[in-house]
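Colleague: One structure coming up, written as structure tokens, with questions to follow.
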Amino acid sequence: MKTKRIAFLGLFVALAFVLSYIEFMLPLNIGIPGAKIGIANLVVMVTLYTVGEKNAIALSIIRVVLVGLTFGNISMMMYSLAGAALSLFAMLLARKIGKLSMTGVSVLGGVFHNVGQIIVAMLVLETKSLLYYLPFLIIVGTITGIVIGIVSSLITVRVKKVLNF
Amino acid sequence: MKKNDIVLIAIILAVTAVCLLGMRIWQKNNTNGNAVAVVTIDGDVYGEYPLSEDYTERIEFPDGSYNVLTIKDGFAKVSEASCPDQICVHHNRIKYSEETIVCLPNKLVVTVQGGEDNGIDGSTY
């Protein structure tokens with residue numbers, strides 16, 4: 001069973017990498033810097049609910065570093081890392097408390113991803129005027145979070161069936 | 001989806017909606033005829049341009065990248081930029097206090113400042 005998990009984690013890392021690339025090619029162009037669909041979060045969510053927490057953390061870090069090195073630059077990696085870390089932390093916490101289904105957890109993930117990115121951007125650009133974007137980003141994060149949450153719960157049910165975890 | 005999810009989503013959306021509304025009202029009340037567009041690059045002020053006069057400024061960076069700031073009809077916008085994502089170019093034009101256009105790749109920020117009556121008249125420094 002352990003080998004199966006490792007194999008699936010590798011598969012999920014590859015999948016997250018590819019989805020990040022797709023996301024990179026499909027920017028959400030609504031005039032808000034940092035707004036993203038968050039398709040890669042789909043994989044993080046599914047991993048979190050199938051392979052396990054520690055593996056989801058590992059996957060998140062590997063994904064951000066891989067994507068940053070391949071398609072972006074160091075500053076982009078910093079934004080994503082802050083976003084990913086805060087979002088993952090919120091999702092782990094929400095899952096532990098156990099009052100929310102995958103949709104609610106994913107919404108929190110989406111919202112906190114954007115909050116994390118804005119905080120880093122504010123530190124980098126040394127301006128607090130970016131706070132102006134926060135409400136818009138929270139709304140975008142909520143909507144994409146709902147979609148990602150519903151899709152990932154559908155996937156999780158099927159993955160669990162295949163894996164018998 | 002559980003009931004808790006819907007409650008969570010409703011709370012998030014309601015709180016942000018209230019914040020947005022409050023922000024809008026504050027912005028409208030804090031913007032007057034002396035509003036200026038303040039351009040900062042990497043945290044340092046590059047220049048201030050009054051929104052009352054039409055004006056175009058091409059801001060060039062040492063590495064060859066650029067942003068073009070255009071002020072027209074009381075609105076400021078970035079009309080052209082060298083950055084790959086073009087988020088700043090697609091951004092809606094801005095006129096109210098604290099509205100902001102950011103170009104993350106060039107570390108350029110354009111913010112409208114409402115203009116207290118202290119006679120800022122477009123000094124560029």
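Letters A, B, ... go to the chains of the structure tokens in the order shown; residues in each chain start at 1; ligands are counted from 1 in the same order.
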Write out as a tab-separated table the residues of chain A that have any atom within 9 Å of an atom of chain B, one row each with the nearest atom pair and its distance in Å to one decimal, counting only C-alpha atoms, sorted by chain and then rising number.
Modeller:
```
residue	atom	partner	partner_atom	distance
A:Pro27	CA	B:Asp85	CA	8.1
A:Asn29	CA	B:Ile87	CA	6.8
A:Ile30	CA	B:His91	CA	7.4
A:Gly31	CA	B:His91	CA	4.2
A:Ile32	CA	B:Ile87	CA	6.9
A:Pro33	CA	B:Ile87	CA	6.3
A:Ser75	CA	B:Pro105	CA	8.9
A:Met76	CA	B:Pro105	CA	9.0
A:Lys99	CA	B:Asn4	CA	6.7
A:Leu100	CA	B:Asp5	CA	5.7
A:Ser101	CA	B:Lys2	CA	6.0
A:Met102	CA	B:Met1	CA	7.5
A:Thr103	CA	B:Met1	CA	6.1
A:Gly104	CA	B:Asp5	CA	4.6
A:Val105	CA	B:Asp5	CA	8.2
A:Val107	CA	B:Ile9	CA	7.6
A:Leu108	CA	B:Leu8	CA	8.9
A:Ala121	CA	B:Leu104	CA	8.0
A:Val124	CA	B:Asp42	CA	7.6
A:Leu125	CA	B:Asp42	CA	5.2
A:Glu126	CA	B:Gly43	CA	5.0
A:Thr127	CA	B:Gly43	CA	6.4
A:Ser129	CA	B:Glu98	CA	6.4
A:Leu130	CA	B:Thr100	CA	7.0
A:Tyr132	CA	B:Glu99	CA	6.8
A:Tyr133	CA	B:Thr100	CA	8.1
A:Leu134	CA	B:Thr16	CA	8.9
A:Pro135	CA	B:Thr16	CA	5.5
A:Phe136	CA	B:Thr16	CA	8.1
A:Ile138	CA	B:Thr16	CA	7.4
A:Ile139	CA	B:Leu13	CA	6.6
A:Thr142	CA	B:Ile9	CA	7.1
A:Ile143	CA	B:Ile9	CA	9.0
A:Ile146	CA	B:Ile9	CA	8.6
A:Gly149	CA	B:Met1	CA	8.9
A:Ile150	CA	B:Met1	CA	7.7
```
Colleague: Might you pull out every residue within 12 Å of Gly72 of chain A, with only C-alpha atoms counted and same-chain residues fewer than 4 positions away left off, and present them as a PyMOL selection string?
Modeller: (chain A and resi 20-21+24+64-68+76-80) or (chain B and resi 84-85+105)
Colleague: Please measure the separation of atom CA of Arg93 of chain B and atom CA of Phe75 of chain B, giving the value in Å to one decimal.
Modeller: 5.9 Å
Colleague: As a list in words, please: the residues near Tyr49 of chain A (cut-off 12 Å, only C-alpha atoms, same-chain neighbours under 4 positions excluded).
Modeller: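 So the residues in contact are Leu42, Val43, Val44, Met45, Glu53, Lys54, Asn55, Ala56, Met91, Leu92, Arg95, Lys96, Ser101, Met102, Val105, Ser106, Gly149, Ser152, Ser153, Leu154, Ile155, Thr156, Val157, Arg158, Val159, Lys160 and Phe165 of chain A.
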Colleague: Would you output that residue set with C-alpha atoms, as a PDB file, in the first residue's frame?
Modeller:
```
ATOM      1  CA  LEU A  42      -7.487  20.733  -7.520  1.00  0.00           C
ATOM      2  CA  VAL A  43      -4.573  18.331  -7.171  1.00  0.00           C
ATOM      3  CA  VAL A  44      -3.619  19.660  -3.738  1.00  0.00           C
ATOM      4  CA  MET A  45      -7.201  19.136  -2.559  1.00  0.00           C
ATOM      5  CA  GLU A  53      -1.753  15.717   4.857  1.00  0.00           C
ATOM      6  CA  LYS A  54       2.027  15.434   4.895  1.00  0.00           C
ATOM      7  CA  ASN A  55       2.066  14.441   1.262  1.00  0.00           C
ATOM      8  CA  ALA A  56      -0.150  17.385   0.350  1.00  0.00           C
ATOM      9  CA  MET A  91      -7.132  24.187   4.389  1.00  0.00           C
ATOM     10  CA  LEU A  92      -5.363  21.866   6.852  1.00  0.00           C
ATOM     11  CA  ARG A  95     -10.132  20.058   7.535  1.00  0.00           C
ATOM     12  CA  LYS A  96      -8.978  19.316  11.104  1.00  0.00           C
ATOM     13  CA  SER A 101     -17.023  19.816   3.358  1.00  0.00           C
ATOM     14  CA  MET A 102     -14.433  19.922   0.585  1.00  0.00           C
ATOM     15  CA  VAL A 105     -12.183  23.967   2.616  1.00  0.00           C
ATOM     16  CA  SER A 106     -11.393  24.812  -0.993  1.00  0.00           C
ATOM     17  CA  GLY A 149     -14.084  22.307  -4.340  1.00  0.00           C
ATOM     18  CA  SER A 152     -12.218  17.926  -6.433  1.00  0.00           C
ATOM     19  CA  SER A 153     -14.823  16.198  -4.270  1.00  0.00           C
ATOM     20  CA  LEU A 154     -16.112  14.435  -7.391  1.00  0.00           C
ATOM     21  CA  ILE A 155     -12.563  13.357  -8.234  1.00  0.00           C
ATOM     22  CA  THR A 156     -11.765  12.295  -4.655  1.00  0.00           C
ATOM     23  CA  VAL A 157     -14.701   9.892  -4.531  1.00  0.00           C
ATOM     24  CA  ARG A 158     -13.464   8.170  -7.695  1.00  0.00           C
ATOM     25  CA  VAL A 159      -9.786   8.129  -6.707  1.00  0.00           C
ATOM     26  CA  LYS A 160     -10.690   6.553  -3.372  1.00  0.00           C
ATOM     27  CA  PHE A 165      -7.216   3.996   0.788  1.00  0.00           C
TER      28      PHE A 165
END
```
Colleague: Considering only C-alpha atoms, state which residue in the set B:Ala76, B:Ala81, B:Ile25, B:Ile94 is at the smallest distance from Glu48 of chain B.
Modeller: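 Once distances to Glu48 of chain B are computed over only C-alpha atoms, the minimum belongs to B:Ala76.
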Colleague: If we count only C-alpha atoms and set the cut-off at 10 Å, which residues sit around segment 4-6 of chain A, ignoring sequence neighbours fewer than 4 positions away in its own chain? Please answer as a list in words.
Modeller: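 Here the qualifying residues turn out to be Gly10, Leu11, Phe12, Thr50, Val51, Gly52, Asn55, Leu163 and Phe165 of chain A.
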Colleague: For the residues in the current selection, export C-alpha atoms as a CSV table (one decimal), in the first residue's frame.
Modeller:
```
chain,number,residue,atom,x,y,z
A,10,GLY,CA,4.5,11.2,-8.0
A,11,LEU,CA,1.6,11.1,-10.4
A,12,PHE,CA,-0.1,14.0,-8.6
A,50,THR,CA,-6.7,10.8,-0.4
A,51,VAL,CA,-2.9,10.4,0.1
A,52,GLY,CA,-2.7,12.5,3.2
A,55,ASN,CA,2.1,14.4,1.3
A,163,LEU,CA,-7.1,3.1,-4.5
A,165,PHE,CA,-7.2,4.0,0.8
```
Colleague: When distances are computed from only C-alpha atoms, which of A:Lys161, A:Leu137, A:Thr3, A:Ala85 shows the smallest separation from Ala58 of chain A?
Modeller: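 Distance minimum relative to Ala58 of chain A lands on A:Ala85.
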